[in-house]
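Chemist: Input structure: protein_0.cif, which contains mmCIF, C-alpha atoms and all ligand atoms.
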```
data_structure
loop_
_atom_site.label_atom_id
_atom_site.label_comp_id
_atom_site.auth_asym_id
_atom_site.auth_seq_id
_atom_site.Cartn_x
_atom_site.Cartn_y
_atom_site.Cartn_z
CA MET H 839 -66.63 3.77 4.09
CA ASP H 840 -64.25 6.66 3.43
CA ALA H 841 -62.72 7.14 6.90
CA THR H 842 -58.99 6.47 7.37
CA PRO H 843 -57.40 5.12 10.54
CA GLN H 844 -54.91 7.42 12.28
CA GLU H 845 -51.35 7.17 10.91
CA PHE H 846 -48.81 6.90 13.73
CA ASP H 847 -45.92 8.77 12.14
CA ARG H 848 -46.72 12.01 13.98
CA VAL H 849 -48.37 10.63 17.12
CA LEU H 850 -46.29 11.68 20.15
CA SER H 851 -48.52 11.79 23.22
CA SER H 852 -50.67 8.68 22.90
CA MET H 853 -50.13 5.46 24.84
CA CYS H 854 -51.57 3.47 21.93
CA THR H 855 -49.39 2.20 19.11
CA ARG H 856 -49.34 0.04 15.98
CA PRO H 857 -50.12 -3.55 16.96
CA HIS H 858 -47.54 -6.23 16.31
CA PRO H 859 -48.39 -7.86 12.92
CA ALA H 860 -48.72 -11.35 14.46
CA ALA H 861 -51.06 -9.91 17.09
CA ALA H 862 -53.17 -8.17 14.45
CA ARG H 863 -53.50 -11.45 12.50
CA ALA H 864 -54.50 -13.37 15.62
CA ALA H 865 -57.04 -10.70 16.51
CA GLU H 866 -58.68 -10.94 13.12
CA ARG H 867 -59.04 -14.73 13.40
CA PHE H 868 -60.81 -14.52 16.77
CA LEU H 869 -63.08 -11.55 16.06
CA ALA H 870 -66.28 -13.53 16.71
CA ASP H 871 -65.13 -15.51 19.76
CA ASN H 872 -66.39 -14.48 23.19
CA PRO H 873 -63.97 -15.17 26.03
CA GLY H 874 -66.76 -14.07 28.37
CA ASP H 875 -68.21 -17.56 27.92
CA PRO H 876 -65.18 -19.85 28.02
CA ALA H 877 -67.20 -23.08 28.02
CA THR H 878 -68.69 -22.19 24.62
CA TYR H 879 -65.46 -20.67 23.25
CA PRO H 880 -62.73 -22.92 24.69
CA ASP H 881 -59.92 -22.06 22.27
CA VAL H 882 -59.94 -18.37 23.00
CA ALA H 883 -60.21 -19.27 26.71
CA THR H 884 -57.01 -21.29 26.37
CA LEU H 885 -55.34 -18.30 24.73
CA GLU H 886 -56.43 -16.13 27.63
CA GLU H 887 -54.91 -18.56 30.15
CA ARG H 888 -51.68 -18.40 28.17
CA ALA H 889 -51.72 -14.61 28.09
CA VAL H 890 -52.34 -14.40 31.85
CA ALA H 891 -49.55 -16.91 32.54
CA THR H 892 -47.10 -14.84 30.48
CA LEU H 893 -48.22 -11.65 32.23
CA GLY H 894 -47.34 -13.56 35.41
CA ASP H 895 -43.81 -14.05 34.04
CA VAL H 896 -43.59 -10.34 33.27
CA THR H 897 -44.81 -9.37 36.75
CA GLY H 898 -43.02 -11.93 38.93
CA LEU H 899 -45.99 -14.10 39.88
CA ASP H 900 -46.28 -17.86 39.37
CA ASP H 901 -49.75 -18.96 38.42
CA PRO H 902 -51.48 -15.56 38.67
CA ALA H 903 -55.22 -15.13 38.67
CA GLY H 904 -56.53 -12.57 36.20
CA TYR H 905 -57.91 -11.87 32.77
CA VAL H 906 -57.57 -9.71 29.66
CA ALA H 907 -59.73 -6.69 30.45
CA SER H 908 -61.06 -3.97 28.17
CA GLY H 909 -58.22 -1.73 29.33
CA GLY H 910 -56.49 -0.18 32.29
CA THR H 911 -59.67 1.57 33.36
CA GLU H 912 -61.50 -1.72 33.87
CA ALA H 913 -58.52 -3.33 35.59
CA ASN H 914 -58.19 -0.43 38.02
CA LEU H 915 -61.92 -0.43 38.68
CA GLN H 916 -61.84 -4.15 39.45
CA ALA H 917 -59.01 -3.62 41.93
CA VAL H 918 -61.09 -0.99 43.74
CA ARG H 919 -64.15 -3.25 43.60
CA ALA H 920 -62.25 -6.21 45.06
CA ALA H 921 -60.97 -4.04 47.91
CA ARG H 922 -64.35 -2.44 48.59
CA ASP H 923 -66.13 -5.78 48.73
CA ARG H 924 -63.63 -7.23 51.19
CA ALA H 925 -63.29 -4.16 53.40
CA ALA H 926 -63.97 -4.40 57.10
CA SER H 927 -65.10 -0.76 57.17
CA GLY H 928 -68.69 0.09 56.28
CA ASP H 929 -67.36 3.21 54.59
CA PRO H 930 -64.34 1.99 52.60
CA THR H 931 -62.00 4.49 50.99
CA VAL H 932 -59.08 4.45 48.54
CA VAL H 933 -55.83 6.33 49.18
CA ALA H 934 -53.67 7.16 46.16
CA PRO H 935 -51.15 9.76 44.98
CA THR H 936 -52.48 12.62 42.85
CA SER H 937 -50.50 11.12 39.96
CA VAL H 938 -52.93 8.20 39.56
CA HIS H 939 -54.76 7.90 36.26
CA PHE H 940 -58.23 9.46 36.09
CA SER H 941 -59.72 5.97 35.83
CA PHE H 942 -59.60 5.88 39.65
CA GLN H 943 -62.00 8.81 39.78
CA LYS H 944 -64.40 6.82 37.60
CA ALA H 945 -63.95 3.72 39.75
CA ALA H 946 -64.61 5.67 42.94
CA ASP H 947 -67.64 7.29 41.40
CA VAL H 948 -69.17 4.09 40.03
CA LEU H 949 -68.40 2.06 43.15
CA GLY H 950 -69.45 4.73 45.63
CA VAL H 951 -66.16 4.91 47.54
CA ASP H 952 -64.22 8.04 48.50
CA LEU H 953 -60.93 8.56 46.71
CA HIS H 954 -58.36 10.42 48.83
CA LEU H 955 -55.68 11.86 46.58
CA VAL H 956 -52.41 12.67 48.32
CA PRO H 957 -49.93 15.22 46.89
CA VAL H 958 -46.79 13.78 45.29
CA ASP H 959 -43.21 14.81 46.08
CA ASP H 960 -41.23 17.40 44.09
CA ASP H 961 -40.22 14.78 41.55
CA HIS H 962 -43.81 13.65 40.85
CA ARG H 963 -43.57 10.40 42.88
CA ALA H 964 -45.84 9.19 45.67
CA ASP H 965 -44.81 10.75 48.97
CA THR H 966 -44.74 7.85 51.45
CA ASP H 967 -45.05 10.04 54.57
CA ALA H 968 -48.04 11.85 53.15
CA LEU H 969 -49.65 8.56 52.07
CA ALA H 970 -49.11 7.03 55.51
CA ALA H 971 -50.65 10.09 57.13
CA ALA H 972 -53.73 9.86 54.90
CA ILE H 973 -54.47 6.22 55.72
CA ASP H 974 -56.99 5.41 58.44
CA ASP H 975 -59.26 2.57 59.54
CA ASP H 976 -61.56 3.10 56.55
CA THR H 977 -58.75 2.70 54.00
CA ALA H 978 -59.56 -0.42 52.00
CA LEU H 979 -57.03 0.08 49.22
CA VAL H 980 -53.75 1.89 48.71
CA VAL H 981 -52.69 2.52 45.12
CA ALA H 982 -49.25 3.23 43.69
CA VAL H 983 -48.21 3.74 40.07
CA ALA H 984 -45.34 2.08 38.24
CA GLY H 985 -45.07 4.44 35.28
CA THR H 986 -47.31 7.47 35.71
CA THR H 987 -49.31 8.69 32.73
CA GLU H 988 -48.07 12.27 32.80
CA PHE H 989 -44.40 12.00 33.88
CA GLY H 990 -43.54 8.29 33.61
CA ARG H 991 -42.58 8.14 37.28
CA VAL H 992 -42.28 4.92 39.31
CA ASP H 993 -43.54 5.18 42.89
CA PRO H 994 -41.54 3.53 45.72
CA ILE H 995 -43.56 0.30 45.48
CA PRO H 996 -42.05 -1.79 48.32
CA GLU H 997 -42.33 1.12 50.75
CA VAL H 998 -45.94 1.89 49.83
CA GLY H 999 -46.69 -1.85 50.04
CA SER H 1000 -45.38 -2.00 53.61
CA ILE H 1001 -47.47 1.01 54.59
CA ALA H 1002 -50.59 -0.61 53.14
CA ARG H 1003 -49.86 -3.93 54.81
CA GLU H 1004 -49.30 -2.34 58.22
CA ALA H 1005 -52.62 -0.54 57.89
CA GLY H 1006 -54.41 -3.76 56.94
CA ALA H 1007 -55.36 -2.34 53.54
CA ARG H 1008 -55.05 -4.02 50.16
CA PHE H 1009 -52.38 -2.78 47.77
CA HIS H 1010 -52.77 -2.24 44.01
CA VAL H 1011 -50.08 -1.21 41.54
CA ASP H 1012 -51.03 0.42 38.26
CA ALA H 1013 -48.38 -0.58 35.73
CA ALA H 1014 -50.78 -0.19 32.79
CA TRP H 1015 -48.20 1.69 30.75
CA GLY H 1016 -44.92 0.95 32.55
CA GLY H 1017 -45.34 -2.80 32.86
CA PHE H 1018 -43.56 -3.71 29.63
CA HIS H 1019 -40.63 -1.39 30.35
CA LEU H 1020 -40.01 -2.11 34.00
CA PRO H 1021 -38.70 -5.71 33.71
CA PHE H 1022 -35.65 -4.27 31.94
CA THR H 1023 -34.89 -1.62 34.58
CA ASP H 1024 -33.61 -1.71 38.16
CA HIS H 1025 -36.98 -0.74 39.63
CA ALA H 1026 -38.79 -2.81 42.24
CA TRP H 1027 -42.38 -2.77 41.05
CA HIS H 1028 -44.11 -6.16 40.87
CA PHE H 1029 -45.59 -9.04 42.89
CA GLY H 1030 -42.12 -10.44 43.49
CA HIS H 1031 -40.90 -7.17 44.97
CA ALA H 1032 -43.76 -6.21 47.27
CA SER H 1033 -46.85 -7.65 48.89
CA LEU H 1034 -49.28 -6.33 46.33
CA ASP H 1035 -52.70 -7.88 45.89
CA THR H 1036 -53.59 -6.73 42.39
CA LEU H 1037 -51.84 -5.18 39.41
CA THR H 1038 -52.80 -3.55 36.12
CA ILE H 1039 -50.60 -4.16 33.07
CA ASP H 1040 -51.99 -3.40 29.62
CA PRO H 1041 -50.94 -5.40 26.57
CA HIS H 1042 -52.65 -2.78 24.36
CA LYS H 1043 -50.14 -0.11 25.35
CA VAL H 1044 -46.41 -0.93 25.22
CA GLY H 1045 -47.27 -4.62 24.75
CA ARG H 1046 -48.35 -3.93 21.12
CA ALA H 1047 -51.58 -5.92 21.35
CA PRO H 1048 -54.56 -4.60 19.40
CA ILE H 1049 -57.15 -2.68 21.43
CA PRO H 1050 -58.97 -3.81 23.60
CA ALA H 1051 -56.43 -5.65 25.73
CA GLY H 1052 -55.92 -4.49 29.29
CA GLY H 1053 -54.52 -6.77 31.97
CA PHE H 1054 -55.92 -7.39 35.45
CA LEU H 1055 -53.82 -9.66 37.68
CA ALA H 1056 -54.41 -10.82 41.24
CA ARG H 1057 -52.08 -12.62 43.61
CA ASP H 1058 -54.76 -15.14 44.56
CA GLU H 1059 -57.73 -16.79 42.91
CA ALA H 1060 -59.90 -15.72 45.86
CA THR H 1061 -59.83 -12.14 44.55
CA LEU H 1062 -61.38 -13.25 41.28
CA ASP H 1063 -63.83 -15.54 43.07
CA ALA H 1064 -65.01 -12.60 45.16
CA LEU H 1065 -65.64 -10.60 41.98
CA ALA H 1066 -67.54 -13.39 40.26
CA VAL H 1067 -71.29 -13.46 39.77
CA GLU H 1068 -73.42 -16.42 38.68
CA THR H 1069 -74.29 -16.55 35.00
CA PRO H 1070 -77.35 -18.81 34.72
CA TYR H 1071 -77.97 -18.78 30.96
CA LEU H 1072 -74.35 -19.28 29.81
CA GLU H 1073 -72.55 -22.60 29.44
CA THR H 1074 -70.06 -21.14 31.91
CA THR H 1075 -71.54 -20.77 35.38
CA SER H 1076 -69.81 -17.65 36.72
CA GLN H 1077 -68.01 -14.53 35.52
CA ALA H 1078 -65.51 -12.30 37.35
CA THR H 1079 -65.01 -9.73 34.59
CA LEU H 1080 -66.77 -6.37 34.54
CA THR H 1081 -67.92 -6.58 30.95
CA GLY H 1082 -69.99 -9.56 29.81
CA THR H 1083 -69.31 -10.37 26.18
CA ARG H 1084 -65.64 -9.60 25.58
CA SER H 1085 -63.47 -9.19 22.52
CA GLY H 1086 -61.93 -12.44 21.27
CA ALA H 1087 -59.74 -10.17 19.14
CA GLY H 1088 -58.39 -8.48 22.26
CA VAL H 1089 -57.62 -11.76 24.00
CA ALA H 1090 -56.10 -13.53 20.98
CA GLY H 1091 -54.17 -10.39 20.04
CA ALA H 1092 -52.75 -10.12 23.56
CA ALA H 1093 -51.76 -13.80 23.61
CA ALA H 1094 -50.02 -13.50 20.24
CA ALA H 1095 -48.30 -10.22 21.14
CA LEU H 1096 -46.92 -11.78 24.32
CA ASP H 1097 -45.90 -15.03 22.57
CA GLU H 1098 -44.04 -13.10 19.91
CA GLN H 1099 -42.32 -10.49 22.04
CA TRP H 1100 -41.71 -11.66 25.62
CA PRO H 1101 -38.97 -11.17 26.58
CA ASP H 1102 -36.50 -10.33 23.81
CA ALA H 1103 -38.50 -8.00 21.59
CA TYR H 1104 -39.89 -6.17 24.62
CA GLU H 1105 -36.37 -5.67 25.90
CA GLU H 1106 -35.24 -4.35 22.51
CA ASN H 1107 -38.20 -1.99 22.48
CA HIS H 1108 -37.34 -0.77 25.96
CA GLU H 1109 -33.69 -0.12 25.08
CA ARG H 1110 -34.65 1.76 21.91
CA ALA H 1111 -37.37 3.82 23.63
CA ALA H 1112 -35.15 4.66 26.60
CA ALA H 1113 -32.35 5.83 24.30
CA ASN H 1114 -34.83 7.91 22.29
CA ALA H 1115 -36.17 9.54 25.45
CA VAL H 1116 -32.65 10.45 26.60
CA HIS H 1117 -31.87 11.83 23.13
CA LEU H 1118 -35.00 13.99 23.07
CA ALA H 1119 -34.43 15.22 26.62
CA GLU H 1120 -30.82 16.19 25.80
CA GLN H 1121 -31.78 17.93 22.57
CA LEU H 1122 -34.53 19.90 24.30
CA THR H 1123 -32.24 20.83 27.21
CA ASP H 1124 -29.57 22.02 24.74
CA ARG H 1125 -32.19 24.28 23.19
CA GLY H 1126 -33.05 25.80 26.57
CA TYR H 1127 -36.31 24.00 27.34
CA ASP H 1128 -37.09 23.04 30.93
CA VAL H 1129 -37.18 19.23 30.83
CA VAL H 1130 -38.42 16.78 33.47
CA ALA H 1131 -35.64 14.16 33.34
CA PRO H 1132 -37.16 10.93 31.98
CA GLU H 1133 -37.25 7.88 34.25
CA LEU H 1134 -39.20 5.62 31.91
CA PRO H 1135 -39.38 6.61 28.20
CA LEU H 1136 -41.64 9.65 28.55
CA VAL H 1137 -40.36 13.21 28.22
CA ALA H 1138 -42.28 16.15 29.71
CA PHE H 1139 -41.07 19.67 29.05
CA SER H 1140 -42.15 23.29 29.10
CA LEU H 1141 -43.42 24.58 25.76
CA SER H 1142 -44.94 27.94 24.93
CA ASP H 1143 -48.47 28.06 23.56
CA ALA H 1144 -47.14 29.41 20.26
CA GLU H 1145 -44.74 26.48 19.82
CA PHE H 1146 -47.34 23.98 20.97
CA ASP H 1147 -49.80 25.34 18.41
CA ALA H 1148 -47.12 25.34 15.69
CA ALA H 1149 -46.40 21.66 16.43
CA ARG H 1150 -50.08 20.79 16.29
CA ASP H 1151 -50.47 22.78 13.05
CA ALA H 1152 -47.60 20.74 11.59
CA GLY H 1153 -49.64 17.61 12.31
CA TRP H 1154 -47.95 16.44 15.54
CA ARG H 1155 -50.40 14.80 17.93
CA LEU H 1156 -49.21 16.37 21.16
CA SER H 1157 -50.85 16.94 24.55
CA ARG H 1158 -50.05 18.64 27.83
CA THR H 1159 -50.00 17.39 31.43
CA GLY H 1160 -52.47 18.86 33.91
CA SER H 1161 -49.70 21.23 35.02
CA GLY H 1162 -48.98 22.35 31.46
CA GLU H 1163 -45.87 20.45 30.27
CA ALA H 1164 -45.91 19.03 26.77
CA ARG H 1165 -45.38 15.27 26.88
CA VAL H 1166 -43.83 12.88 24.40
CA VAL H 1167 -44.38 9.18 25.08
CA CYS H 1168 -41.70 7.09 23.38
CA MET H 1169 -44.04 4.33 22.24
CA PRO H 1170 -42.83 1.56 19.91
CA HIS H 1171 -43.81 3.56 16.80
CA VAL H 1172 -41.81 6.64 17.90
CA THR H 1173 -38.48 6.55 16.06
CA ARG H 1174 -35.36 8.70 16.37
CA ALA H 1175 -36.15 10.16 12.94
CA MET H 1176 -39.62 11.19 14.13
CA LEU H 1177 -38.17 12.91 17.19
CA ASP H 1178 -35.59 14.75 15.08
CA ALA H 1179 -38.34 15.89 12.70
CA PHE H 1180 -40.33 17.09 15.72
CA LEU H 1181 -37.29 19.06 16.95
CA ASP H 1182 -37.03 20.59 13.45
CA THR H 1183 -40.64 21.73 13.78
CA LEU H 1184 -39.87 23.37 17.15
CA ASP H 1185 -36.72 25.02 15.71
CA ALA H 1186 -38.70 26.44 12.80
CA ALA H 1187 -41.39 27.70 15.18
CA ARG H 1188 -38.77 29.51 17.30
CA VAL H 1189 -37.09 31.03 14.25
CA GLY H 1190 -40.50 32.12 12.97
CA ALA H 1191 -41.34 33.70 16.33
CA SER H 1192 -38.01 35.55 16.65
CA GLY H 1193 -37.80 36.58 12.97
C1 LIG E 1 -51.17 4.45 34.27
C2 LIG E 1 -52.46 4.27 33.52
N1 LIG E 1 -53.44 3.56 34.09
C3 LIG E 1 -54.62 3.36 33.47
C4 LIG E 1 -54.85 3.88 32.22
C5 LIG E 1 -56.19 3.67 31.56
O1 LIG E 1 -56.06 2.73 30.55
P1 LIG E 1 -57.17 2.57 29.41
O2 LIG E 1 -57.19 3.86 28.67
O3 LIG E 1 -56.66 1.41 28.64
O4 LIG E 1 -58.46 2.28 30.09
C6 LIG E 1 -53.85 4.63 31.58
C7 LIG E 1 -54.07 5.20 30.25
O5 LIG E 1 -53.25 5.84 29.68
C8 LIG E 1 -52.62 4.82 32.26
O6 LIG E 1 -51.63 5.54 31.72
#
```
Take the structure I supplied and represent it as structure tokens, if you would.
Modeler:
Amino acid sequence: MDATPQEFDRVLSSMCTRPHPAAARAAERFLADNPGDPATYPDVATLEERAVATLGDVTGLDDPAGYVASGGTEANLQAVRAARDRAASGDPTVVAPTSVHFSFQKAADVLGVDLHLVPVDDDHRADTDALAAAIDDDTALVVAVAGTTEFGRVDPIPEVGSIAREAGARFHVDAAWGGFHLPFTDHAWHFGHASLDTLTIDPHKVGRAPIPAGGFLARDEATLDALAVETPYLETTSQATLTGTRSGAGVAGAAAALDEQWPDAYEENHERAAANAVHLAEQLTDRGYDVVAPELPLVAFSLSDAEFDAARDAGWRLSRTGSGEARVVCMPHVTRAMLDAFLDTLDAARVGASG
């Protein structure tokens, strides 16, 4: 085979990163295990319990229910499914800010529920008044995001939680990306801060677990029970996950990544990434770019097509938000030296354009 995996030294917009070496080793050892059948594969099942318990520590929940999913998409879909199946309305809907990840469109499509997207405020956060106004008797689930994909914004989680509770709807928080930054900030975002029912937090993003390792957590076991179907031919008698056979590599990698890094190495990563984001934002502002001030370590900024193309031609893996800003996600592999080299590329592009 002559294909080469992507090098990360110029990857700026992705939410994937190099796995932690201990996590990569653990993943390789459990490549053939199937956590989808825990009775036949008990060791990887024990690792999954450990991973879920540690995700509970990260998200302020003792003894959480949950599992290591294929990614944030599956975790979000399961949250919608759990709400749909328990809804009183015969026509259940989901209310969410427009900043939610596109996985909610897939979930709504697959599950046959309407997704009502509500405009965000001027700073890209959920607008609580607009959300409250959009909720009605059919609303089965309200969603908020703790670390949006495009701008790294944290919605007002306790306030949105109260609105959902008053309306009798379930409440889900998508912290797929932000979940390993937020414990080291002043934000209120997790089970301990608000009455949320379910939460997405992905070890395969900032957690440095190998792909596939998403995280689906629920406040109570009843949520998982409601998702479970009987599995007659397996040693295990029921299954709450969306996929059947699952990656033992993903589960073991997540368990090892969490064992190795929670909390100290995650805190160090957060401090480094936050400082890098501030540095990049300041450097861009000094050069006259319009920068969306970073809240979590993600910098969005205006960039002309010519400069964007020059950056891509220089090998930078860079993408734009739906509204056109270039975005740099300060993932664990993104170093200060990388950001300075990226700024050099932009400087050369501007000199080239003006000269
Ligand atoms: C906030 C958020 N939720 C969900 C997802 C989907 O996760 P995955 O690609 O692992 O399915 C992403 C992906 O970037 C995300 O940023």
Chemist: One decimal, in Å: what's the spacing between atom CA of H:Ala889 and atom CA of H:Val1089?
Modeler: 7.7 Å
Chemist: Residues near H:Ala1186, anyone? I mean within 10 Å using only C-alpha atoms, not counting same-chain ones fewer than 4 positions away, as a compact mmCIF listing (two decimals) with C-alpha atoms, keeping the file's coordinate frame.
Modeler:
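Saved to out39.txt:
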```txt
# COMPACT_ATOMS: atom_id res chain seq x y z
CA GLU H 1145 -44.74 26.48 19.82
CA ALA H 1148 -47.12 25.34 15.69
CA ALA H 1149 -46.40 21.66 16.43
CA PHE H 1180 -40.33 17.09 15.72
CA LEU H 1181 -37.29 19.06 16.95
CA ASP H 1182 -37.03 20.59 13.45
CA GLY H 1190 -40.50 32.12 12.97
CA ALA H 1191 -41.34 33.70 16.33
CA SER H 1192 -38.01 35.55 16.65
```
Chemist: In terms of the shortest atom-to-atom distance over only C-alpha atoms, which of H:Ala1095, H:Ala1115, H:Leu899, H:Ala1144 is closest to H:His858?
Modeler: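 Looking at the shortest contact to H:His858, the residue is H:Ala1095.
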Chemist: So, counting only C-alpha atoms, which residue among H:Leu850, H:Ala1005, H:Ala841, H:Val918 is closest to H:Arg1158?
Modeler: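 Checking each of H:Leu850, H:Ala1005, H:Ala841, H:Val918 against H:Arg1158, counting only C-alpha atoms, the winner is H:Leu850.
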Chemist: List as a compact mmCIF listing (two decimals) with C-alpha atoms, keeping the file's coordinate frame the protein and nucleic acid residues lying within 10 Å of ligand LIG 1 (chain E), with all atoms listed in the file counted.
Modeler:
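Contents of pocket-v9.txt, as written:
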```txt
# COMPACT_ATOMS: atom_id res chain seq x y z
CA SER H 851 -48.52 11.79 23.22
CA SER H 852 -50.67 8.68 22.90
CA MET H 853 -50.13 5.46 24.84
CA CYS H 854 -51.57 3.47 21.93
CA ALA H 907 -59.73 -6.69 30.45
CA SER H 908 -61.06 -3.97 28.17
CA GLY H 909 -58.22 -1.73 29.33
CA GLY H 910 -56.49 -0.18 32.29
CA THR H 911 -59.67 1.57 33.36
CA GLU H 912 -61.50 -1.72 33.87
CA ALA H 913 -58.52 -3.33 35.59
CA ASN H 914 -58.19 -0.43 38.02
CA LEU H 915 -61.92 -0.43 38.68
CA SER H 937 -50.50 11.12 39.96
CA VAL H 938 -52.93 8.20 39.56
CA HIS H 939 -54.76 7.90 36.26
CA PHE H 940 -58.23 9.46 36.09
CA SER H 941 -59.72 5.97 35.83
CA PHE H 942 -59.60 5.88 39.65
CA ALA H 982 -49.25 3.23 43.69
CA VAL H 983 -48.21 3.74 40.07
CA ALA H 984 -45.34 2.08 38.24
CA GLY H 985 -45.07 4.44 35.28
CA THR H 986 -47.31 7.47 35.71
CA THR H 987 -49.31 8.69 32.73
CA GLU H 988 -48.07 12.27 32.80
CA PHE H 989 -44.40 12.00 33.88
CA GLY H 990 -43.54 8.29 33.61
CA ARG H 991 -42.58 8.14 37.28
CA VAL H 1011 -50.08 -1.21 41.54
CA ASP H 1012 -51.03 0.42 38.26
CA ALA H 1013 -48.38 -0.58 35.73
CA ALA H 1014 -50.78 -0.19 32.79
CA TRP H 1015 -48.20 1.69 30.75
CA GLY H 1016 -44.92 0.95 32.55
CA GLY H 1017 -45.34 -2.80 32.86
CA THR H 1038 -52.80 -3.55 36.12
CA ILE H 1039 -50.60 -4.16 33.07
CA ASP H 1040 -51.99 -3.40 29.62
CA PRO H 1041 -50.94 -5.40 26.57
CA HIS H 1042 -52.65 -2.78 24.36
CA LYS H 1043 -50.14 -0.11 25.35
CA ILE H 1049 -57.15 -2.68 21.43
CA PRO H 1050 -58.97 -3.81 23.60
CA ALA H 1051 -56.43 -5.65 25.73
CA GLY H 1052 -55.92 -4.49 29.29
CA GLY H 1053 -54.52 -6.77 31.97
```
Chemist: Report the distance between atom CA of H:Leu1177 and atom CA of H:Leu1020 in Å, rounded to one decimal place.
Modeler: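 Spanning atom CA of H:Leu1177 to atom CA of H:Leu1020 is a straight-line distance of 22.6 Å.
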Chemist: Might you pull out every residue within 10 Å of H:Ser1142, with all atoms listed in the file counted and same-chain residues fewer than 4 positions away left off, and present them as a list in words?
Modeler: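 After dropping sequence-adjacent residues, the list is Tyr1127, Phe1146, Asp1147, Ala1148, Gly1162, Glu1163, Ala1164 and Arg1188 of chain H.
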Chemist: From the options H:Gly874, H:Pro996, H:Gly894, H:Gly1088, which residue's atoms come nearest to H:His1010, counting only C-alpha atoms?
Modeler: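 Comparing H:Gly874, H:Pro996, H:Gly894, H:Gly1088 against H:His1010, the winner is H:Pro996.
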Chemist: Residues proximal to (-33.3, 14.9, 25.5) were defined as those with any atom within 12 Å of that point in the file's coordinates, counting only C-alpha atoms. Which are they, as a ChimeraX atom specification?
Modeler: /H:1111-1133,1135-1139,1166,1168,1174,1177-1178,1181
Chemist: What does the distance between atom CA of H:Ala1032 and atom CA of H:Gly999 come to in Å, to one decimal place?
Modeler: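 If I compute the distance from atom CA of H:Ala1032 to atom CA of H:Gly999, I get 5.9 Å.
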Chemist: With a distance cut-off of 12 Å and only C-alpha atoms, select the neighbouring residues of H:Ala1007, excluding the residue or stretch itself and same-chain residues fewer than 2 positions from it, and output the selection as an mmCIF file with C-alpha atoms, in the coordinates of the input.
Modeler:
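After the write, result-v8.cif holds the following:
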```
data_model
loop_
_atom_site.group_PDB
_atom_site.id
_atom_site.type_symbol
_atom_site.label_atom_id
_atom_site.label_comp_id
_atom_site.auth_asym_id
_atom_site.auth_seq_id
_atom_site.Cartn_x
_atom_site.Cartn_y
_atom_site.Cartn_z
ATOM 1 C CA VAL H 918 -61.090 -0.990 43.740
ATOM 2 C CA ALA H 920 -62.250 -6.210 45.060
ATOM 3 C CA ALA H 921 -60.970 -4.040 47.910
ATOM 4 C CA ARG H 922 -64.350 -2.440 48.590
ATOM 5 C CA ARG H 924 -63.630 -7.230 51.190
ATOM 6 C CA ALA H 925 -63.290 -4.160 53.400
ATOM 7 C CA ALA H 926 -63.970 -4.400 57.100
ATOM 8 C CA SER H 927 -65.100 -0.760 57.170
ATOM 9 C CA PRO H 930 -64.340 1.990 52.600
ATOM 10 C CA THR H 931 -62.000 4.490 50.990
ATOM 11 C CA VAL H 932 -59.080 4.450 48.540
ATOM 12 C CA VAL H 933 -55.830 6.330 49.180
ATOM 13 C CA ALA H 970 -49.110 7.030 55.510
ATOM 14 C CA ILE H 973 -54.470 6.220 55.720
ATOM 15 C CA ASP H 974 -56.990 5.410 58.440
ATOM 16 C CA ASP H 975 -59.260 2.570 59.540
ATOM 17 C CA ASP H 976 -61.560 3.100 56.550
ATOM 18 C CA THR H 977 -58.750 2.700 54.000
ATOM 19 C CA ALA H 978 -59.560 -0.420 52.000
ATOM 20 C CA LEU H 979 -57.030 0.080 49.220
ATOM 21 C CA VAL H 980 -53.750 1.890 48.710
ATOM 22 C CA VAL H 981 -52.690 2.520 45.120
ATOM 23 C CA VAL H 998 -45.940 1.890 49.830
ATOM 24 C CA GLY H 999 -46.690 -1.850 50.040
ATOM 25 C CA SER H 1000 -45.380 -2.000 53.610
ATOM 26 C CA ILE H 1001 -47.470 1.010 54.590
ATOM 27 C CA ALA H 1002 -50.590 -0.610 53.140
ATOM 28 C CA ARG H 1003 -49.860 -3.930 54.810
ATOM 29 C CA GLU H 1004 -49.300 -2.340 58.220
ATOM 30 C CA ALA H 1005 -52.620 -0.540 57.890
ATOM 31 C CA PHE H 1009 -52.380 -2.780 47.770
ATOM 32 C CA HIS H 1010 -52.770 -2.240 44.010
ATOM 33 C CA SER H 1033 -46.850 -7.650 48.890
ATOM 34 C CA LEU H 1034 -49.280 -6.330 46.330
ATOM 35 C CA ASP H 1035 -52.700 -7.880 45.890
#
```
Chemist: Leaving out H:Ala862 and any residue of its chain fewer than 5 positions from it, which residues lie within 8 Å of it when counting only C-alpha atoms, given as an MDAnalysis selection string?
Modeler: chainID H and resid 857 1047:1048 1091
Chemist: Check the smallest atom-to-atom distance from each of H:Glu1098, H:Asp952, H:Asp1058, H:Asp947 to H:Gly928 using all atoms listed in the file, then report the winner.
Modeler: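 So, comparing all the options, the nearest one is H:Asp952.
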Chemist: Considering all atoms listed in the file, state which residue in the set H:Pro902, H:Arg1165, H:Pro935, H:Gly1153 is at the smallest distance from H:Ala964.
Modeler: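 Ranked by minimum distance to H:Ala964, first place goes to H:Pro935.
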Chemist: Within 12 Å of (-41.8, -9.5, 21.8) (file coordinates; all atoms listed in the file), which protein or nucleic acid residues are there? I'd like them as a count of residues only.
Modeler: 32
Chemist: In terms of the shortest atom-to-atom distance over only C-alpha atoms, which of H:Leu1184, H:Ala972, H:Ala1078, H:Leu1156 is closest to H:Asp875?
Modeler: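 Of all the options, H:Ala1078 lies closest to H:Asp875.
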Chemist: When you look at H:Ser1076 with a cut-off of 9 Å (counting only C-alpha atoms), what residues show up, excluding the ones that are within fewer than 6 positions of it in the same chain? I need them as a list in words.
Modeler: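 The contact residues come out as Asp875, Asp1063, Ala1066, Val1067, Glu1068, Thr1069 and Pro1070 of chain H.
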